[in-house]
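Below: target.txt (compact mmCIF, C-alpha atoms)
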```txt
# COMPACT_ATOMS: atom_id res chain seq x y z
CA MET A 1 119.61 147.16 116.46
CA SER A 2 119.04 144.67 119.24
CA VAL A 3 122.02 143.03 120.87
CA ARG A 4 121.10 139.66 119.26
CA LEU A 5 121.18 141.14 115.75
CA PHE A 6 124.39 142.97 116.69
CA LEU A 7 125.96 139.67 117.77
CA ALA A 8 124.67 137.80 114.69
CA GLN A 9 126.16 140.40 112.34
CA ARG A 10 129.56 140.32 114.06
CA LEU A 11 129.65 136.51 114.15
CA THR A 12 128.73 136.19 110.47
CA ALA A 13 131.42 138.79 109.66
CA LEU A 14 133.94 136.63 111.55
CA ILE A 15 132.86 133.61 109.50
CA LEU A 16 132.87 135.50 106.20
CA ALA A 17 136.33 137.06 106.56
CA PRO A 18 138.34 133.81 106.04
CA LEU A 19 135.79 132.44 103.55
CA VAL A 20 136.13 135.54 101.34
CA LEU A 21 139.94 135.28 101.45
CA VAL A 22 139.85 131.59 100.42
CA HIS A 23 137.28 132.41 97.72
CA LEU A 24 139.51 135.17 96.28
CA GLY A 25 142.54 132.88 96.50
CA VAL A 26 140.73 130.14 94.58
CA ILE A 27 139.70 132.64 91.88
CA ILE A 28 143.35 133.62 91.35
CA TYR A 29 144.44 129.96 91.42
CA ALA A 30 141.63 128.78 89.13
CA VAL A 31 142.30 131.20 86.26
CA ARG A 32 146.08 130.66 86.10
CA SER A 33 145.76 128.35 83.08
CA GLY A 34 142.59 129.65 81.52
CA LEU A 35 139.07 129.50 82.88
CA SER A 36 136.59 126.86 81.81
CA ALA A 37 133.35 125.45 83.16
CA GLU A 38 134.77 121.94 82.97
CA GLU A 39 137.70 122.84 85.17
CA ILE A 40 135.48 124.51 87.79
CA LEU A 41 132.91 121.72 87.84
CA GLY A 42 135.71 119.15 87.92
CA ARG A 43 136.85 120.66 91.18
CA THR A 44 133.44 121.12 92.78
CA ARG A 45 131.25 118.21 91.56
CA GLY A 46 130.74 115.63 94.22
CA SER A 47 132.89 117.51 96.69
CA LEU A 48 131.43 117.60 100.18
CA GLY A 49 134.15 120.06 101.21
CA TRP A 50 133.21 122.67 98.60
CA ALA A 51 129.51 122.08 99.31
CA LEU A 52 130.07 122.85 103.00
CA PHE A 53 132.40 125.78 102.19
CA TYR A 54 130.01 127.54 99.80
CA GLY A 55 126.90 126.39 101.70
CA GLY A 56 128.29 128.08 104.83
CA PHE A 57 129.22 131.09 102.69
CA ALA A 58 125.62 131.38 101.41
CA VAL A 59 124.09 131.11 104.89
CA ALA A 60 126.49 133.69 106.38
CA VAL A 61 125.95 136.11 103.46
CA ALA A 62 122.16 135.83 103.73
CA ALA A 63 122.22 136.66 107.47
CA HIS A 64 124.98 139.29 107.36
CA GLY A 65 123.63 141.08 104.28
CA ALA A 66 120.04 141.13 105.50
CA ILE A 67 120.96 142.59 108.91
CA GLY A 68 123.02 145.30 107.20
CA LEU A 69 120.23 145.97 104.72
CA ARG A 70 117.76 146.36 107.61
CA THR A 71 120.00 149.05 109.11
CA VAL A 72 120.28 150.90 105.78
CA ILE A 73 116.49 150.72 105.31
CA LEU A 74 115.89 152.06 108.83
CA GLU A 75 118.42 154.88 108.52
CA TRP A 76 117.96 156.01 104.93
CA GLY A 77 114.53 154.63 104.02
CA GLY A 78 112.66 155.89 107.07
CA LEU A 79 110.68 152.64 107.37
CA ARG A 80 109.15 151.50 110.65
CA PRO A 81 111.26 148.82 112.42
CA GLY A 82 108.62 146.09 111.86
CA LEU A 83 108.42 146.76 108.13
CA ALA A 84 112.22 147.00 107.82
CA THR A 85 112.53 143.62 109.57
CA ALA A 86 110.01 142.10 107.12
CA VAL A 87 111.94 143.44 104.10
CA ALA A 88 115.20 142.16 105.59
CA TRP A 89 113.71 138.68 106.13
CA ALA A 90 112.54 138.63 102.50
CA ALA A 91 116.03 139.65 101.34
CA ALA A 92 117.61 136.98 103.56
CA LEU A 93 115.38 134.22 102.19
CA ILE A 94 115.98 135.28 98.56
CA LEU A 95 119.76 135.46 99.10
CA LEU A 96 119.72 132.08 100.86
CA ALA A 97 117.64 130.41 98.12
CA LEU A 98 119.81 131.83 95.30
CA GLY A 99 123.02 130.95 97.12
CA LEU A 100 122.08 127.39 98.04
CA ARG A 101 120.70 126.78 94.53
CA GLY A 102 124.09 127.79 93.11
CA VAL A 103 125.95 125.57 95.56
CA TRP A 104 123.64 122.66 94.72
CA ALA A 105 124.23 123.23 90.98
CA VAL A 106 128.04 123.20 91.11
CA THR A 107 128.51 120.45 93.70
CA ALA A 108 125.65 117.99 93.22
CA GLY A 109 124.97 118.84 89.58
CA GLY A 110 121.36 119.44 90.34
CA GLY A 111 119.37 122.04 88.47
CA LEU A 112 116.28 123.69 89.89
CA MET B 1 134.19 191.36 102.01
CA THR B 2 132.85 192.89 105.16
CA ALA B 3 134.41 195.96 106.71
CA LEU B 4 137.13 195.23 109.27
CA ASP B 5 135.06 196.73 112.09
CA GLU B 6 131.87 194.90 111.15
CA LEU B 7 130.46 191.38 111.15
CA GLU B 8 127.92 189.99 108.69
CA ILE B 9 125.73 187.43 110.45
CA ARG B 10 123.09 185.16 108.92
CA VAL B 11 120.70 184.16 111.68
CA TRP B 12 117.98 181.51 111.45
CA ARG B 13 114.51 182.98 112.00
CA GLY B 14 111.27 181.10 112.53
CA ALA B 15 110.70 177.38 113.14
CA ALA B 16 111.69 174.43 110.93
CA ASP B 17 110.29 176.14 107.81
CA GLY B 18 112.05 179.44 108.58
CA HIS B 19 114.76 181.34 106.72
CA TYR B 20 118.04 183.18 107.32
CA GLN B 21 118.02 186.89 108.08
CA VAL B 22 121.17 188.95 107.63
CA PHE B 23 122.33 191.29 110.41
CA ARG B 24 125.36 193.53 110.70
CA ALA B 25 127.01 193.95 114.09
CA PRO B 26 130.10 195.80 115.28
CA ARG B 27 133.26 193.72 115.54
CA ARG B 28 135.03 194.00 118.89
CA ALA B 29 138.51 193.05 120.00
CA ASN B 30 137.20 190.45 122.46
CA GLN B 31 133.87 188.95 121.49
CA THR B 32 132.11 185.57 121.62
CA VAL B 33 129.35 184.29 119.33
CA LEU B 34 126.92 184.64 122.26
CA ASP B 35 127.97 188.31 122.61
CA VAL B 36 127.04 188.83 118.95
CA VAL B 37 123.67 187.09 119.32
CA SER B 38 122.94 189.16 122.43
CA TRP B 39 123.95 192.35 120.58
CA ILE B 40 121.49 191.51 117.77
CA GLN B 41 118.65 190.96 120.25
CA ARG B 42 119.38 194.11 122.24
CA GLU B 43 120.29 196.49 119.42
CA ALA B 44 118.79 195.20 116.16
CA ASP B 45 115.78 192.92 116.74
CA PRO B 46 114.35 192.34 120.26
CA SER B 47 112.13 189.55 118.91
CA LEU B 48 115.11 187.20 118.39
CA SER B 49 114.66 184.04 120.50
CA TYR B 50 117.66 182.19 121.92
CA ARG B 51 118.64 180.46 125.13
CA PHE B 52 121.53 181.08 127.51
CA ALA B 53 122.19 181.28 131.24
CA CYS B 54 125.70 181.24 132.71
CA ARG B 55 127.78 182.71 129.80
CA VAL B 56 130.90 180.91 131.05
CA GLY B 57 130.60 177.30 129.84
CA VAL B 58 129.02 175.75 132.90
CA CYS B 59 125.29 175.43 132.19
CA GLY B 60 125.31 174.06 128.61
CA SER B 61 122.22 175.97 127.48
CA CYS B 62 123.64 178.23 124.74
CA ALA B 63 124.62 175.57 122.20
CA MET B 64 123.85 176.49 118.58
CA THR B 65 125.07 175.60 115.10
CA VAL B 66 127.84 178.06 114.22
CA ASN B 67 129.08 177.95 110.62
CA GLY B 68 127.70 174.41 110.34
CA LYS B 69 129.17 173.02 113.57
CA PRO B 70 127.48 172.55 116.95
CA ARG B 71 129.19 174.69 119.60
CA TRP B 72 128.76 176.44 122.91
CA THR B 73 128.34 180.01 121.70
CA CYS B 74 129.59 181.42 125.04
CA ARG B 75 132.95 179.67 124.64
CA THR B 76 133.42 180.30 120.93
CA HIS B 77 135.49 183.36 120.18
CA ILE B 78 134.62 185.27 117.03
CA THR B 79 138.27 185.27 115.90
CA LYS B 80 138.11 181.47 115.83
CA VAL B 81 135.08 181.09 113.57
CA ALA B 82 134.67 184.32 111.58
CA LYS B 83 138.07 185.08 110.13
CA ASP B 84 136.46 186.71 107.07
CA GLY B 85 133.89 188.55 109.20
CA ARG B 86 130.99 186.27 108.24
CA LEU B 87 128.95 184.03 110.54
CA THR B 88 126.00 181.72 110.03
CA ILE B 89 124.12 180.89 113.23
CA ALA B 90 121.34 178.28 113.35
CA PRO B 91 119.61 176.23 116.04
CA LEU B 92 121.02 172.83 117.02
CA ARG B 93 120.41 170.02 114.55
CA ASN B 94 118.31 166.92 115.37
CA LEU B 95 115.92 168.71 117.75
CA PRO B 96 112.59 170.44 117.02
CA VAL B 97 113.04 174.19 116.58
CA ILE B 98 110.72 176.25 118.79
CA ARG B 99 111.67 179.57 117.24
CA ASP B 100 114.81 181.18 115.83
CA LEU B 101 117.79 179.75 117.77
CA ALA B 102 115.85 178.00 120.55
CA CYS B 103 115.30 174.22 120.34
CA ASP B 104 112.84 172.06 122.22
CA MET B 105 115.05 169.97 124.52
CA ALA B 106 112.23 167.65 125.66
CA PRO B 107 113.01 164.80 123.17
CA PHE B 108 116.67 164.98 124.26
CA PHE B 109 115.86 164.45 127.94
CA GLU B 110 113.18 161.89 127.13
CA LYS B 111 116.00 159.78 125.64
CA TRP B 112 117.89 160.01 128.93
CA ARG B 113 114.84 158.50 130.62
CA ARG B 114 114.50 155.78 127.96
CA ALA B 115 118.21 154.89 128.38
CA ARG B 116 117.57 154.57 132.15
CA GLY B 117 120.23 157.19 132.77
CA ARG B 118 119.05 158.03 136.27
CA PHE B 119 120.59 156.72 139.48
CA GLU B 120 118.43 154.46 141.62
CA ALA B 121 119.90 153.81 145.04
CA ALA B 122 120.15 150.27 146.42
CA ILE B 123 120.25 151.51 150.00
CA SER B 124 118.62 154.29 152.00
CA ARG B 125 120.30 157.34 153.50
CA ASP B 126 120.25 155.60 156.88
CA ASP B 127 122.54 152.79 155.68
CA PRO B 128 126.34 153.09 155.81
CA LEU B 129 128.03 154.40 152.64
CA VAL B 130 129.25 151.83 150.13
CA PRO B 131 133.01 152.25 149.66
CA ILE B 132 134.00 152.66 145.99
CA SER B 133 137.73 152.63 145.32
CA PRO B 134 138.87 155.53 143.09
CA ASP B 135 141.14 153.02 141.32
CA SER B 136 138.41 150.49 140.48
CA LEU B 137 137.72 149.87 136.77
CA GLU B 138 134.10 150.95 137.16
CA ARG B 139 134.94 154.18 138.97
CA ARG B 140 137.55 155.14 136.37
CA ALA B 141 135.13 154.37 133.50
CA ALA B 142 132.43 156.49 135.15
CA ASP B 143 134.93 159.31 135.84
CA ALA B 144 135.77 159.55 132.12
CA ALA B 145 132.12 160.08 131.20
CA VAL B 146 130.47 161.75 134.16
CA GLU B 147 131.24 165.41 133.42
CA CYS B 148 128.53 165.76 130.75
CA ILE B 149 126.40 168.90 131.30
CA ASN B 150 123.59 167.99 128.85
CA CYS B 151 124.28 170.67 126.23
CA ALA B 152 123.15 168.38 123.35
CA VAL B 153 126.12 169.31 121.16
CA CYS B 154 126.93 165.60 120.64
CA HIS B 155 123.27 164.84 119.90
CA ALA B 156 123.29 167.54 117.21
CA ALA B 157 126.60 166.27 115.80
CA CYS B 158 125.43 162.64 115.48
CA ASP B 159 124.50 161.55 111.93
CA VAL B 160 122.74 158.41 113.19
CA VAL B 161 120.34 160.55 115.28
CA GLY B 162 119.68 162.55 112.09
CA TRP B 163 118.84 159.36 110.18
CA ARG B 164 116.97 157.58 113.00
CA PRO B 165 115.28 160.10 115.30
CA ASP B 166 114.37 157.35 117.79
CA TYR B 167 118.06 156.39 118.31
CA LEU B 168 118.96 157.14 121.94
CA GLY B 169 122.03 159.11 120.86
CA PRO B 170 125.47 159.76 122.37
CA ALA B 171 124.46 161.84 125.41
CA ALA B 172 121.82 159.45 126.78
CA LEU B 173 124.02 156.41 126.13
CA ASN B 174 127.04 158.12 127.72
CA ARG B 175 124.86 158.75 130.77
CA ALA B 176 123.74 155.09 130.73
CA TRP B 177 127.42 154.07 130.70
CA VAL B 178 127.95 156.10 133.89
CA ALA B 179 124.89 154.46 135.50
CA TRP B 180 126.07 150.98 134.44
CA ASN B 181 129.42 151.62 136.12
CA ASP B 182 127.84 152.92 139.32
CA LEU B 183 128.06 149.95 141.67
CA ARG B 184 125.65 151.62 144.11
CA ASP B 185 122.74 151.34 141.64
CA ARG B 186 120.05 148.88 142.69
CA ASP B 187 119.45 147.38 139.21
CA ARG B 188 122.37 147.84 136.83
CA SER B 189 121.09 145.15 134.46
CA ALA B 190 118.04 147.37 133.80
CA VAL B 191 120.46 150.04 132.52
CA LEU B 192 122.13 147.52 130.23
CA ARG B 193 118.78 146.27 128.89
CA ALA B 194 117.60 149.83 128.18
CA ALA B 195 120.88 150.83 126.51
CA ASN B 196 120.94 147.66 124.37
CA ALA B 197 117.29 147.88 123.23
CA GLY B 198 116.32 148.24 119.57
CA ALA B 199 117.05 151.98 119.31
CA GLY B 200 120.08 151.74 121.60
CA CYS B 201 123.85 151.42 121.44
CA GLY B 202 123.94 148.79 118.65
CA ASN B 203 123.05 151.53 116.16
CA CYS B 204 126.22 153.58 116.74
CA HIS B 205 128.50 153.60 113.66
CA SER B 206 131.46 154.93 115.66
CA HIS B 207 131.75 158.00 113.42
CA GLN B 208 132.97 159.83 116.53
CA SER B 209 131.37 163.17 115.64
CA CYS B 210 130.17 163.27 119.27
CA ALA B 211 133.72 163.01 120.58
CA GLU B 212 134.99 165.48 117.97
CA HIS B 213 132.51 168.19 118.99
CA CYS B 214 132.08 167.61 122.74
CA PRO B 215 133.14 170.91 124.40
CA VAL B 216 134.37 169.11 127.55
CA GLU B 217 136.21 166.43 125.56
CA ILE B 218 134.16 163.47 126.70
CA ASN B 219 134.26 160.53 124.28
CA PRO B 220 130.68 159.17 124.08
CA THR B 221 131.74 156.73 121.32
CA ARG B 222 133.99 155.01 123.85
CA SER B 223 131.13 154.86 126.36
CA ILE B 224 128.84 153.37 123.70
CA ALA B 225 131.51 150.80 122.77
CA GLY B 226 131.64 149.85 126.46
CA LEU B 227 127.85 149.37 126.52
CA LYS B 228 128.04 147.19 123.38
CA ARG B 229 130.75 145.07 124.99
CA ALA B 230 128.88 144.75 128.29
CA GLY B 231 125.64 143.93 126.44
CA LEU B 232 127.30 141.18 124.40
CA LEU B 233 128.92 139.64 127.47
CA ALA B 234 125.62 139.75 129.37
CA LEU B 235 123.83 138.11 126.43
CA LEU B 236 126.42 135.33 126.23
CA ARG B 237 126.14 134.77 130.00
CA GLY B 238 122.34 134.72 129.73
CA SER B 239 121.94 137.67 132.08
CA LEU B 240 120.67 140.34 129.66
```
Structure translated into structure tokens:
Amino acid sequence: MSVRLFLAQRLTALILAPLVLVHLGVIIYAVRSGLSAEEILGRTRGSLGWALFYGGFAVAVAAHGAIGLRTVILEWGGLRPGLATAVAWAAALILLALGLRGVWAVTAGGGL
Amino acid sequence: MTALDELEIRVWRGAADGHYQVFRAPRRANQTVLDVVSWIQREADPSLSYRFACRVGVCGSCAMTVNGKPRWTCRTHITKVAKDGRLTIAPLRNLPVIRDLACDMAPFFEKWRRARGRFEAAISRDDPLVPISPDSLERRAADAAVECINCAVCHAACDVVGWRPDYLGPAALNRAWVAWNDLRDRDRSAVLRAANAGAGCGNCHSHQSCAEHCPVEINPTRSIAGLKRAGLLALLRGSL
């Protein structure tokens, strides 16, 4: 792993740690009086704050997960570094697209 | 159970596609694993291939896998590893097997070269000596890592080397850490670049098997952590 990837994975981990804690806290808070789509969407629709929160979450997950996946592929899959990097980029783009689509759906109400 | 005065030893024979052969050797009151291997070669099968030189833990050439763990066979007493009288002896892991218990060490030393683990002087022998304080941070860091004698026990113990054969491994990176901390070197940033390359220190998972098995109690994981730290700082300063 190059030092740039090493740095990117540590930085995204630093970003994800508080985001995951807030996410888990919101889950516990949100289900205290039953869980409904209306309640969730009522909190997130039109909210720039939640859009930035989960948008940042999706970007950090895509980068962090793909770098980790590249390491697993290299160590356990025996792939050449170039091929492992290509697979990791594909995984990153898929994770990013799925994540941002979800954020778009619950904050802007858009469907793709 | 084996008889009290006898050892049952499974010894690896052949190259990578070889097999274990069982030998029986007399058990002595004071006996190392290397003594047993030597007894087999001299008394039971002269065709057994293995490597040793000093017999006293100085040269680092007799390392083998003893009951699943990499060890110096000359410094491993039988009473420590064969309480039930049984031993399994194999060549070191993570290196090509030439024959029986002898490994090809060339890939191991090639990694030292790739990690730029050699000293390159900034001055000639005609120049005055550069004073290095024994108390300086760099000197103390180098002191903690410099006693490596290249036995490859840590290389054999490292799971990441097993998964990624191109990974530089704990011994080469520990050597690079010494070179990085040697202020007399003419191009220390070249050491840092080599150690932080794609197959370099960033791949270490800090399992610490290297430190656990090192016969001279060096901690290569700590050296690798130092290289990661130095590499990150150099990257952030734009000097990597």
ask   = Mind pulling up the distance from atom CA of Phe52 of chain B to atom CA of Ser38 of chain B?
value = 9.6 Å
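Taking atom CA of Ser36 of chain A and atom CA of Val106 of chain A as the two end points, the separation is 13.2 Å.
With all atoms listed in the file as the atoms that count, the minimum distance from Ala142 of chain B to the choices B:Ile218, B:Ala121, B:Leu7, B:Ala199 is reached by B:Ile218.
Atom pair atom CA of Ile40 of chain A / atom CA of Val22 of chain A: separated by 15.1 Å.
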key: Test item: residues at most 9 Å from segment 6-17 of chain A, only C-alpha atoms, excluding those fewer than 5 positions along its chain, as a ChimeraX atom specification   = /A:1,22,56-57,59-61,63-65,67-68 /B:202-203,228,232
Output file for the selection above: C-alpha atoms, as an mmCIF file, in the frame of the given file:
```cif
data_model
loop_
_atom_site.group_PDB
_atom_site.id
_atom_site.type_symbol
_atom_site.label_atom_id
_atom_site.label_comp_id
_atom_site.auth_asym_id
_atom_site.auth_seq_id
_atom_site.Cartn_x
_atom_site.Cartn_y
_atom_site.Cartn_z
ATOM 1 C CA MET A 1 119.610 147.160 116.460
ATOM 2 C CA VAL A 22 139.850 131.590 100.420
ATOM 3 C CA GLY A 56 128.290 128.080 104.830
ATOM 4 C CA PHE A 57 129.220 131.090 102.690
ATOM 5 C CA VAL A 59 124.090 131.110 104.890
ATOM 6 C CA ALA A 60 126.490 133.690 106.380
ATOM 7 C CA VAL A 61 125.950 136.110 103.460
ATOM 8 C CA ALA A 63 122.220 136.660 107.470
ATOM 9 C CA HIS A 64 124.980 139.290 107.360
ATOM 10 C CA GLY A 65 123.630 141.080 104.280
ATOM 11 C CA ILE A 67 120.960 142.590 108.910
ATOM 12 C CA GLY A 68 123.020 145.300 107.200
ATOM 13 C CA GLY B 202 123.940 148.790 118.650
ATOM 14 C CA ASN B 203 123.050 151.530 116.160
ATOM 15 C CA LYS B 228 128.040 147.190 123.380
ATOM 16 C CA LEU B 232 127.300 141.180 124.400
#
```
message = Quick one: residues within 12 Å of Arg184 of chain B, only C-alpha atoms, excluding same-chain residues fewer than 2 positions away - as a ChimeraX atom specification?
response = /B:119-124,128-132,138-139,178-182,186-188
request  = Using all atoms listed in the file, find which residues of chain A lie within 9 Å of chain B and jot them down as a ChimeraX atom specification.
outcome  = /A:1-7,71,74-78,81
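If you measure from each of B:Gln31, B:Arg10, B:Arg116, B:Cys54 to Thr79 of chain B using all atoms listed in the file, the closest one turns out to be B:Gln31.
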task = Write out as a ChimeraX atom specification each polymer residue whose atoms come within 10 Å of Val22 of chain B, counting only C-alpha atoms; drop sequence neighbours fewer than 5 positions from it.
result = /B:8-13,87-88
query = Could you name the residues that touch Leu83 of chain A at 10 Å or less, counting all atoms listed in the file, but leaving out those on the same chain fewer than 5 positions away, as JSON, numbers by chain?
reply = {"A": [70, 73, 74, 88, 89]}
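Taking only C-alpha atoms into account, Leu96 of chain A lies nearest to A:Gly55 out of the set A:Gly55, A:Gly46, A:Gly109, A:Gly25.
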